[in-house]
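Raw contents of query-v8.cif, mmCIF, C-alpha atoms and all ligand atoms:
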data_start
#
loop_
_atom_site.label_atom_id
_atom_site.label_comp_id
_atom_site.auth_asym_id
_atom_site.auth_seq_id
_atom_site.Cartn_x
_atom_site.Cartn_y
_atom_site.Cartn_z
CA MET A 15 31.88 1.26 -30.48
CA ARG A 16 28.21 0.50 -30.05
CA GLU A 17 25.99 1.58 -32.91
CA GLU A 18 22.50 0.52 -31.87
CA PRO A 19 20.21 3.41 -30.96
CA ASP A 20 19.38 3.61 -27.25
CA THR A 21 16.38 1.60 -26.17
CA ALA A 22 15.04 0.84 -22.72
CA ILE A 23 13.20 -2.07 -21.16
CA GLY A 24 9.86 -0.89 -19.82
CA VAL A 25 7.97 -2.93 -17.22
CA ASP A 26 4.36 -2.40 -16.17
CA VAL A 27 3.23 -4.45 -13.19
CA GLY A 28 -0.55 -4.60 -13.37
CA GLY A 29 -3.42 -6.02 -11.34
CA THR A 30 -3.13 -9.50 -12.81
CA ARG A 31 -0.47 -9.29 -15.50
CA ILE A 32 3.07 -8.08 -15.94
CA ARG A 33 4.07 -6.49 -19.25
CA VAL A 34 7.67 -6.09 -20.34
CA ALA A 35 8.63 -4.33 -23.57
CA ARG A 36 11.52 -2.84 -25.50
CA ILE A 37 10.88 0.87 -26.00
CA ALA A 38 12.62 3.21 -28.46
CA SER A 39 13.53 6.77 -27.51
CA ASP A 40 10.55 8.13 -29.50
CA GLY A 41 8.18 5.95 -27.45
CA THR A 42 7.71 3.24 -30.10
CA LEU A 43 6.96 -0.16 -28.60
CA LEU A 44 9.34 -2.58 -30.39
CA GLU A 45 8.62 -5.93 -28.76
CA ARG A 46 6.58 -7.11 -25.79
CA VAL A 47 5.86 -10.06 -23.52
CA VAL A 48 2.89 -10.35 -21.17
CA GLU A 49 2.42 -12.93 -18.39
CA PRO A 50 0.31 -13.45 -15.28
CA VAL A 51 2.20 -11.74 -12.47
CA LYS A 52 3.66 -13.74 -9.55
CA SER A 53 2.64 -12.11 -6.31
CA ASP A 54 5.20 -13.59 -3.89
CA ARG A 55 8.39 -11.63 -3.29
CA GLU A 56 11.08 -13.95 -4.67
CA GLY A 57 8.85 -15.35 -7.41
CA PHE A 58 8.19 -11.81 -8.61
CA VAL A 59 11.89 -10.87 -8.70
CA ALA A 60 12.79 -14.10 -10.55
CA GLN A 61 9.97 -13.55 -13.07
CA LEU A 62 11.08 -9.97 -13.68
CA VAL A 63 14.72 -10.97 -14.24
CA GLU A 64 13.67 -13.75 -16.64
CA LEU A 65 11.32 -11.52 -18.70
CA ILE A 66 13.90 -8.71 -18.93
CA ALA A 67 16.52 -11.23 -20.11
CA GLN A 68 14.18 -12.24 -22.95
CA LEU A 69 14.11 -8.69 -24.31
CA GLN A 70 17.41 -7.13 -23.26
CA ASP A 71 19.81 -6.63 -26.17
CA ARG A 72 22.93 -4.59 -26.98
CA GLY A 73 20.90 -1.41 -27.47
CA SER A 74 19.30 -1.61 -23.97
CA VAL A 75 20.67 1.14 -21.74
CA ALA A 76 18.24 1.21 -18.81
CA ILE A 77 15.15 -0.34 -17.24
CA GLY A 78 12.02 1.44 -15.99
CA ILE A 79 9.49 -0.33 -13.75
CA GLY A 80 5.97 0.92 -12.92
CA ILE A 81 4.66 -0.41 -9.60
CA PRO A 82 0.97 -0.44 -8.55
CA GLY A 83 1.17 1.10 -5.11
CA ARG A 84 2.95 3.66 -3.01
CA VAL A 85 6.37 4.42 -4.44
CA ASP A 86 8.58 7.22 -3.14
CA GLY A 87 9.95 8.35 -6.50
CA GLU A 88 12.53 10.68 -4.99
CA ALA A 89 13.98 7.99 -2.73
CA GLN A 90 13.34 5.20 -5.31
CA HIS A 91 11.71 3.18 -2.54
CA ILE A 92 8.59 0.94 -2.59
CA LEU A 93 6.41 1.46 0.49
CA SER A 94 3.59 -0.90 -0.48
CA ALA A 95 2.24 -2.52 -3.62
CA GLY A 96 -1.24 -3.80 -2.77
CA TYR A 97 -1.56 -7.53 -3.45
CA LEU A 98 2.17 -7.81 -4.31
CA ASP A 99 4.47 -8.67 -1.42
CA ILE A 100 7.25 -6.28 -2.41
CA GLY A 101 6.90 -3.42 0.11
CA GLY A 102 10.37 -2.38 1.32
CA LEU A 103 12.11 -4.57 -1.30
CA ASP A 104 15.22 -2.98 -2.84
CA LEU A 105 13.97 -3.65 -6.37
CA VAL A 106 16.30 -1.09 -7.97
CA GLY A 107 19.36 -2.72 -6.35
CA ARG A 108 18.26 -6.29 -7.09
CA ILE A 109 17.35 -5.76 -10.76
CA SER A 110 20.43 -3.55 -11.45
CA LYS A 111 22.65 -6.26 -10.03
CA GLU A 112 21.00 -9.04 -12.04
CA THR A 113 20.90 -7.17 -15.37
CA GLY A 114 23.86 -4.79 -15.20
CA LEU A 115 21.61 -1.87 -16.19
CA PRO A 116 20.45 1.19 -14.22
CA VAL A 117 16.84 0.94 -13.01
CA ARG A 118 14.21 3.63 -12.45
CA ILE A 119 11.01 2.85 -10.53
CA GLU A 120 7.84 4.93 -10.29
CA ASN A 121 4.22 4.46 -9.36
CA ASP A 122 2.41 2.91 -12.38
CA ALA A 123 0.18 5.95 -12.90
CA THR A 124 3.28 8.17 -13.11
CA MET A 125 4.66 5.95 -15.88
CA ALA A 126 1.36 6.08 -17.80
CA LEU A 127 1.25 9.87 -17.43
CA ILE A 128 4.81 10.22 -18.78
CA ALA A 129 3.67 8.39 -21.95
CA GLU A 130 0.37 10.29 -22.20
CA GLY A 131 2.26 13.58 -21.79
CA ARG A 132 4.54 12.64 -24.68
CA VAL A 133 1.66 12.19 -27.17
CA ARG A 134 0.07 15.55 -26.36
CA PRO A 135 1.78 18.57 -27.98
CA GLY A 136 2.60 21.16 -25.34
CA ALA A 137 1.78 18.89 -22.41
CA GLY A 138 5.43 19.04 -21.33
CA ASP A 139 4.81 22.50 -19.88
CA GLY A 140 3.21 23.22 -16.53
CA LEU A 141 1.32 20.88 -14.24
CA ILE A 142 -0.69 17.90 -15.47
CA PHE A 143 -2.36 15.12 -13.47
CA MET A 144 -3.50 11.60 -14.15
CA ILE A 145 -6.29 9.69 -12.43
CA THR A 146 -6.48 5.96 -13.15
CA ILE A 147 -9.77 4.12 -12.73
CA GLY A 148 -9.25 0.40 -12.20
CA THR A 149 -9.74 -1.93 -9.25
CA GLY A 150 -8.80 1.12 -7.18
CA ILE A 151 -8.06 4.74 -8.11
CA GLY A 152 -4.49 5.89 -8.68
CA GLY A 153 -2.96 9.21 -9.53
CA ALA A 154 0.17 10.99 -10.65
CA ALA A 155 1.49 14.47 -11.34
CA LEU A 156 4.00 15.81 -13.87
CA LEU A 157 5.50 19.27 -13.61
CA ASP A 158 7.23 20.55 -16.76
CA GLY A 159 7.48 16.98 -18.04
CA HIS A 160 9.01 15.47 -14.89
CA PRO A 161 7.29 13.50 -12.12
CA TRP A 162 6.30 15.73 -9.23
CA TYR A 163 6.26 13.99 -5.85
CA GLY A 164 5.63 16.78 -3.36
CA GLY A 165 7.18 15.47 -0.16
CA GLY A 166 7.61 12.05 -1.79
CA LEU A 167 4.17 10.52 -2.32
CA ALA A 168 2.05 13.23 -3.96
CA GLY A 169 -0.59 12.03 -6.39
CA GLN A 170 -2.63 9.56 -4.33
CA PHE A 171 -5.82 11.06 -5.68
CA GLY A 172 -7.89 7.96 -4.88
CA HIS A 173 -7.61 8.94 -1.23
CA ILE A 174 -9.25 12.35 -1.48
CA VAL A 175 -12.08 12.09 1.05
CA VAL A 176 -15.42 13.03 -0.48
CA SER A 177 -17.67 11.81 2.36
CA PRO A 178 -16.23 11.58 5.90
CA ASP A 179 -18.90 9.05 6.97
CA GLY A 180 -18.51 6.83 3.88
CA SER A 181 -17.20 3.26 3.68
CA LEU A 182 -13.90 2.22 5.23
CA CYS A 183 -10.95 2.55 2.82
CA ASN A 184 -7.71 0.52 2.70
CA CYS A 185 -5.87 3.63 3.93
CA GLY A 186 -7.73 3.47 7.26
CA ARG A 187 -10.07 6.41 6.71
CA ARG A 188 -13.67 6.59 5.55
CA GLY A 189 -15.18 7.93 2.36
CA CYS A 190 -12.15 8.16 0.05
CA VAL A 191 -13.19 8.67 -3.58
CA GLU A 192 -11.74 5.22 -4.37
CA THR A 193 -14.55 3.64 -2.35
CA PHE A 194 -17.15 5.38 -4.57
CA SER A 195 -15.74 5.74 -8.10
CA SER A 196 -13.39 2.79 -8.70
CA GLY A 197 -14.13 -0.26 -10.83
CA THR A 198 -14.77 -2.21 -7.63
CA ALA A 199 -17.32 0.38 -6.54
CA LEU A 200 -19.02 0.22 -9.96
CA GLY A 201 -19.40 -3.56 -9.62
CA LYS A 202 -21.13 -3.07 -6.27
CA LEU A 203 -23.44 -0.39 -7.70
CA ILE A 204 -24.39 -2.67 -10.61
CA ALA A 205 -25.23 -5.52 -8.21
CA ALA A 206 -27.19 -3.25 -5.86
CA ALA A 207 -29.24 -1.78 -8.73
CA GLY A 208 -30.28 -5.25 -9.91
CA PHE A 209 -28.55 -5.09 -13.31
CA PRO A 210 -27.09 -8.41 -14.54
CA GLN A 211 -23.70 -9.00 -12.88
CA ASP A 212 -21.90 -9.02 -16.24
CA THR A 213 -23.15 -5.52 -17.11
CA GLN A 214 -20.26 -3.35 -18.34
CA ALA A 215 -19.82 0.42 -17.92
CA GLU A 216 -20.10 0.65 -21.70
CA ASP A 217 -23.58 -0.99 -21.59
CA LEU A 218 -24.71 1.49 -18.94
CA ILE A 219 -23.57 4.43 -21.07
CA SER A 220 -25.48 3.07 -24.10
CA ARG A 221 -28.61 2.56 -22.00
CA ALA A 222 -28.33 6.02 -20.45
CA LYS A 223 -27.97 7.56 -23.90
CA SER A 224 -31.20 5.88 -24.96
CA GLY A 225 -33.04 7.35 -22.00
CA ASN A 226 -32.78 4.59 -19.39
CA VAL A 227 -33.17 6.45 -16.09
CA GLU A 228 -31.76 3.65 -13.89
CA ALA A 229 -28.56 3.51 -15.96
CA GLU A 230 -28.22 7.31 -15.91
CA THR A 231 -28.69 7.38 -12.14
CA LEU A 232 -26.17 4.60 -11.60
CA LEU A 233 -23.54 6.34 -13.76
CA ALA A 234 -24.11 9.61 -11.91
CA THR A 235 -23.75 7.85 -8.54
CA TRP A 236 -20.46 6.37 -9.76
CA ALA A 237 -19.01 9.56 -11.27
CA LEU A 238 -20.27 12.33 -8.94
CA PRO A 239 -17.80 11.63 -6.11
CA LEU A 240 -14.95 11.78 -8.63
CA GLN A 241 -16.32 15.06 -9.99
CA SER A 242 -16.06 16.41 -6.40
CA ALA A 243 -12.51 15.09 -6.04
CA ILE A 244 -11.53 16.70 -9.36
CA ALA A 245 -13.01 20.02 -8.22
CA THR A 246 -10.83 19.72 -5.09
CA LEU A 247 -7.74 19.08 -7.22
CA VAL A 248 -8.57 22.11 -9.37
CA ALA A 249 -9.12 24.24 -6.25
CA VAL A 250 -5.76 23.19 -4.80
CA ALA A 251 -3.50 23.07 -7.84
CA ASP A 252 -5.37 24.18 -11.01
CA PRO A 253 -3.64 21.68 -13.34
CA ARG A 254 -3.66 22.34 -17.10
CA LEU A 255 -4.99 18.88 -17.80
CA ILE A 256 -6.22 15.80 -15.96
CA VAL A 257 -5.89 12.60 -17.99
CA ILE A 258 -8.41 9.92 -16.99
CA GLY A 259 -6.86 6.49 -17.61
CA GLY A 260 -6.83 2.94 -16.32
CA GLY A 261 -9.10 0.13 -17.50
CA LEU A 262 -12.24 2.25 -17.07
CA GLY A 263 -10.74 5.61 -18.07
CA HIS A 264 -12.81 6.09 -21.21
CA GLU A 265 -16.07 5.07 -19.53
CA MET A 266 -15.44 7.32 -16.52
CA THR A 267 -14.59 10.27 -18.79
CA ARG A 268 -17.90 9.81 -20.60
CA ALA A 269 -19.80 9.44 -17.31
CA LEU A 270 -18.17 12.64 -15.97
CA LEU A 271 -19.05 14.58 -19.12
CA ARG A 272 -22.72 13.56 -18.73
CA LEU A 273 -22.91 15.29 -15.33
CA PRO A 274 -23.98 18.90 -14.97
CA ASN A 275 -21.19 21.18 -13.75
CA ARG A 276 -22.22 22.21 -10.26
CA SER A 277 -19.91 25.20 -9.97
CA SER A 278 -18.80 27.85 -12.41
CA TRP A 279 -15.63 28.27 -10.34
CA PHE A 280 -14.18 24.84 -10.96
CA GLY A 281 -13.90 23.53 -14.51
CA LEU A 282 -13.38 19.93 -15.54
CA PRO A 283 -10.09 19.96 -17.51
CA ILE A 284 -10.33 16.24 -18.26
CA GLU A 285 -9.40 14.11 -21.25
CA ALA A 286 -9.48 10.33 -21.68
CA ALA A 287 -6.14 8.52 -21.95
CA ARG A 288 -5.06 7.89 -25.55
CA LEU A 289 -2.56 5.04 -25.25
CA GLY A 290 -4.74 2.39 -23.64
CA ASP A 291 -3.09 -0.52 -21.87
CA ASP A 292 0.36 0.22 -23.33
CA ALA A 293 0.74 3.63 -21.65
CA GLY A 294 2.38 2.20 -18.52
CA VAL A 295 5.01 0.15 -20.29
CA ILE A 296 5.84 2.91 -22.80
CA GLY A 297 6.13 5.49 -20.00
CA ALA A 298 8.38 3.13 -18.03
CA GLY A 299 10.76 2.90 -20.99
CA LEU A 300 10.69 6.67 -21.53
CA ALA A 301 11.33 7.36 -17.82
CA ALA A 302 14.37 5.06 -17.92
CA LEU A 303 15.73 6.76 -21.07
CA SER A 304 15.08 10.21 -19.63
CA ALA A 305 17.07 9.31 -16.52
CA TYR A 306 19.85 7.25 -18.09
CA GLY A 307 19.82 7.46 -21.91
CA ARG A 308 22.83 8.94 -23.76
CA SER A 309 20.56 11.19 -25.80
CA SER A 310 18.31 12.18 -22.89
CA GLU A 311 17.22 15.80 -22.89
CA GLY A 312 19.00 16.20 -19.59
CA GLN A 313 19.28 14.41 -16.31
CA ARG A 314 16.35 14.73 -14.00
CA ALA A 315 16.67 17.32 -11.28
ZN ZN B 1 -8.26 5.99 1.38
#
If you took the structure in this file and wrote it as structure tokens, what would it be?
Amino acid sequence: MREEPDTAIGVDVGGTRIRVARIASDGTLLERVVEPVKSDREGFVAQLVELIAQLQDRGSVAIGIGIPGRVDGEAQHILSAGYLDIGGLDLVGRISKETGLPVRIENDATMALIAEGRVRPGAGDGLIFMITIGTGIGGAALLDGHPWYGGGLAGQFGHIVVSPDGSLCNCGRRGCVETFSSGTALGKLIAAAGFPQDTQAEDLISRAKSGNVEAETLLATWALPLQSAIATLVAVADPRLIVIGGGLGHEMTRALLRLPNRSSWFGLPIEAARLGDDAGVIGAGLAALSAYGRSSEGQRA
């Protein structure tokens, strides 16, 4: 009889790197490997199998994989994954077959939110959202501690339109909040304002705090469209909490909190992510254990 406590292999596929880690049922990260991610279809699958094999041991009961893109969580199907050529790939089937373990996939923001929900007492109840600020803007929703997909793809908060005549977005429409308030958009604003190209969001916040009007204006230009999108989310769903994560989560939270609230009707129930870069890989392990662990609190609905 096996005596090792259940652990899961968590995988977080990021913009440039792939992280794979062994995760305990309390969310502790036990061991991790990080590599540049291979973007071609077969190279990616082979890399994933190889990295999982490095960490898989007798205690491993399941694998969770966070994908940067559109994932139908209900159907466990990848529709698209940005720069990665894995749209339509049966990743669950391929990785289960290669490793002999059950596999759970989710959008990467969903995985991060599962981990962030775990470290906040009481966050398992009701509706909470996540907005990730990175190259693009991602999102996720948890209802009573479980991913909430709506019809399958709910949570694509980067594609809330805040200006119908704005710039063209990858989704085919104009003026999505991603085109205004992502990391990519911030880089463009920094260049257009004449700041040195290596200026970081952190530098802008420091300058704004010391009274630099140009920095304050730039931060407001970056954060205001997201403030509008958040007000829309609150108007539609009134979540208990919106966690702001991703590589620029802390900076965006601070930029949002510097803005005046333009409406007494819609609050700003935001909080910066607490787990940093490890949230995705921890959440991926927890999602796998929740779905397939022996000691899981119950199978997902
Ligand atoms: Zn869009």
Spatial neighbours of A:Ala155, max dist 7 Å, all atoms listed in the file, sep filter under 4 positions, as a VMD selection string: chain A and resid 124 142 to 144 161 to 162 169
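Residues in contact with ligand ZN 1 (chain B) (atom pairs separated by at most 9 Å; only C-alpha atoms and all ligand atoms) are Gln170, Gly172, His173, Ile174, Val175, Leu182, Cys183, Asn184, Cys185, Gly186, Arg187, Arg188, Gly189, Cys190, Val191, Glu192 and Thr193 of chain A.
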Could those selected residues go to a file with C-alpha atoms, as a CSV table (one decimal), keeping the file's coordinate frame?
chain,number,residue,atom,x,y,z
A,170,GLN,CA,-2.6,9.6,-4.3
A,172,GLY,CA,-7.9,8.0,-4.9
A,173,HIS,CA,-7.6,8.9,-1.2
A,174,ILE,CA,-9.2,12.4,-1.5
A,175,VAL,CA,-12.1,12.1,1.0
A,182,LEU,CA,-13.9,2.2,5.2
A,183,CYS,CA,-11.0,2.6,2.8
A,184,ASN,CA,-7.7,0.5,2.7
A,185,CYS,CA,-5.9,3.6,3.9
A,186,GLY,CA,-7.7,3.5,7.3
A,187,ARG,CA,-10.1,6.4,6.7
A,188,ARG,CA,-13.7,6.6,5.6
A,189,GLY,CA,-15.2,7.9,2.4
A,190,CYS,CA,-12.2,8.2,0.0
A,191,VAL,CA,-13.2,8.7,-3.6
A,192,GLU,CA,-11.7,5.2,-4.4
A,193,THR,CA,-14.6,3.6,-2.4
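Closest approach to A:Ala243 from the set A:Ala67, A:Leu300, A:Leu203, A:Leu282 is made by A:Leu282, with distances taken over all atoms listed in the file.
Shortest separation to A:Ser110 among A:Val85, A:Leu232, A:Val59, A:Leu289 occurs at residue A:Val59, atoms counted being all atoms listed in the file.
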For A:Ala234, list every protein, DNA or RNA residue within 10 Å, evaluated using only C-alpha atoms, and leave out those in the same chain fewer than 3 positions away; present the list as a PDB file with C-alpha atoms, in the frame of the given file.
ATOM      1  CA  SER A 195     -15.740   5.740  -8.100  1.00  0.00           C
ATOM      2  CA  GLU A 228     -31.760   3.650 -13.890  1.00  0.00           C
ATOM      3  CA  ALA A 229     -28.560   3.510 -15.960  1.00  0.00           C
ATOM      4  CA  GLU A 230     -28.220   7.310 -15.910  1.00  0.00           C
ATOM      5  CA  THR A 231     -28.690   7.380 -12.140  1.00  0.00           C
ATOM      6  CA  ALA A 237     -19.010   9.560 -11.270  1.00  0.00           C
ATOM      7  CA  LEU A 238     -20.270  12.330  -8.940  1.00  0.00           C
ATOM      8  CA  PRO A 239     -17.800  11.630  -6.110  1.00  0.00           C
ATOM      9  CA  LEU A 240     -14.950  11.780  -8.630  1.00  0.00           C
ATOM     10  CA  GLN A 241     -16.320  15.060  -9.990  1.00  0.00           C
ATOM     11  CA  ALA A 269     -19.800   9.440 -17.310  1.00  0.00           C
ATOM     12  CA  LEU A 270     -18.170  12.640 -15.970  1.00  0.00           C
ATOM     13  CA  ARG A 272     -22.720  13.560 -18.730  1.00  0.00           C
ATOM     14  CA  LEU A 273     -22.910  15.290 -15.330  1.00  0.00           C
ATOM     15  CA  PRO A 274     -23.980  18.900 -14.970  1.00  0.00           C
TER      16      PRO A 274
END
Gap from atom CA of A:Asp292 to atom CA of A:Glu112 - Å, one decimal: 25.3 Å
Separation of atom CA of A:Leu141 from atom CA of A:Ala154, in Å and rounded to one decimal: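 Result for atom CA of A:Leu141 versus atom CA of A:Ala154: 10.6 Å, one decimal.
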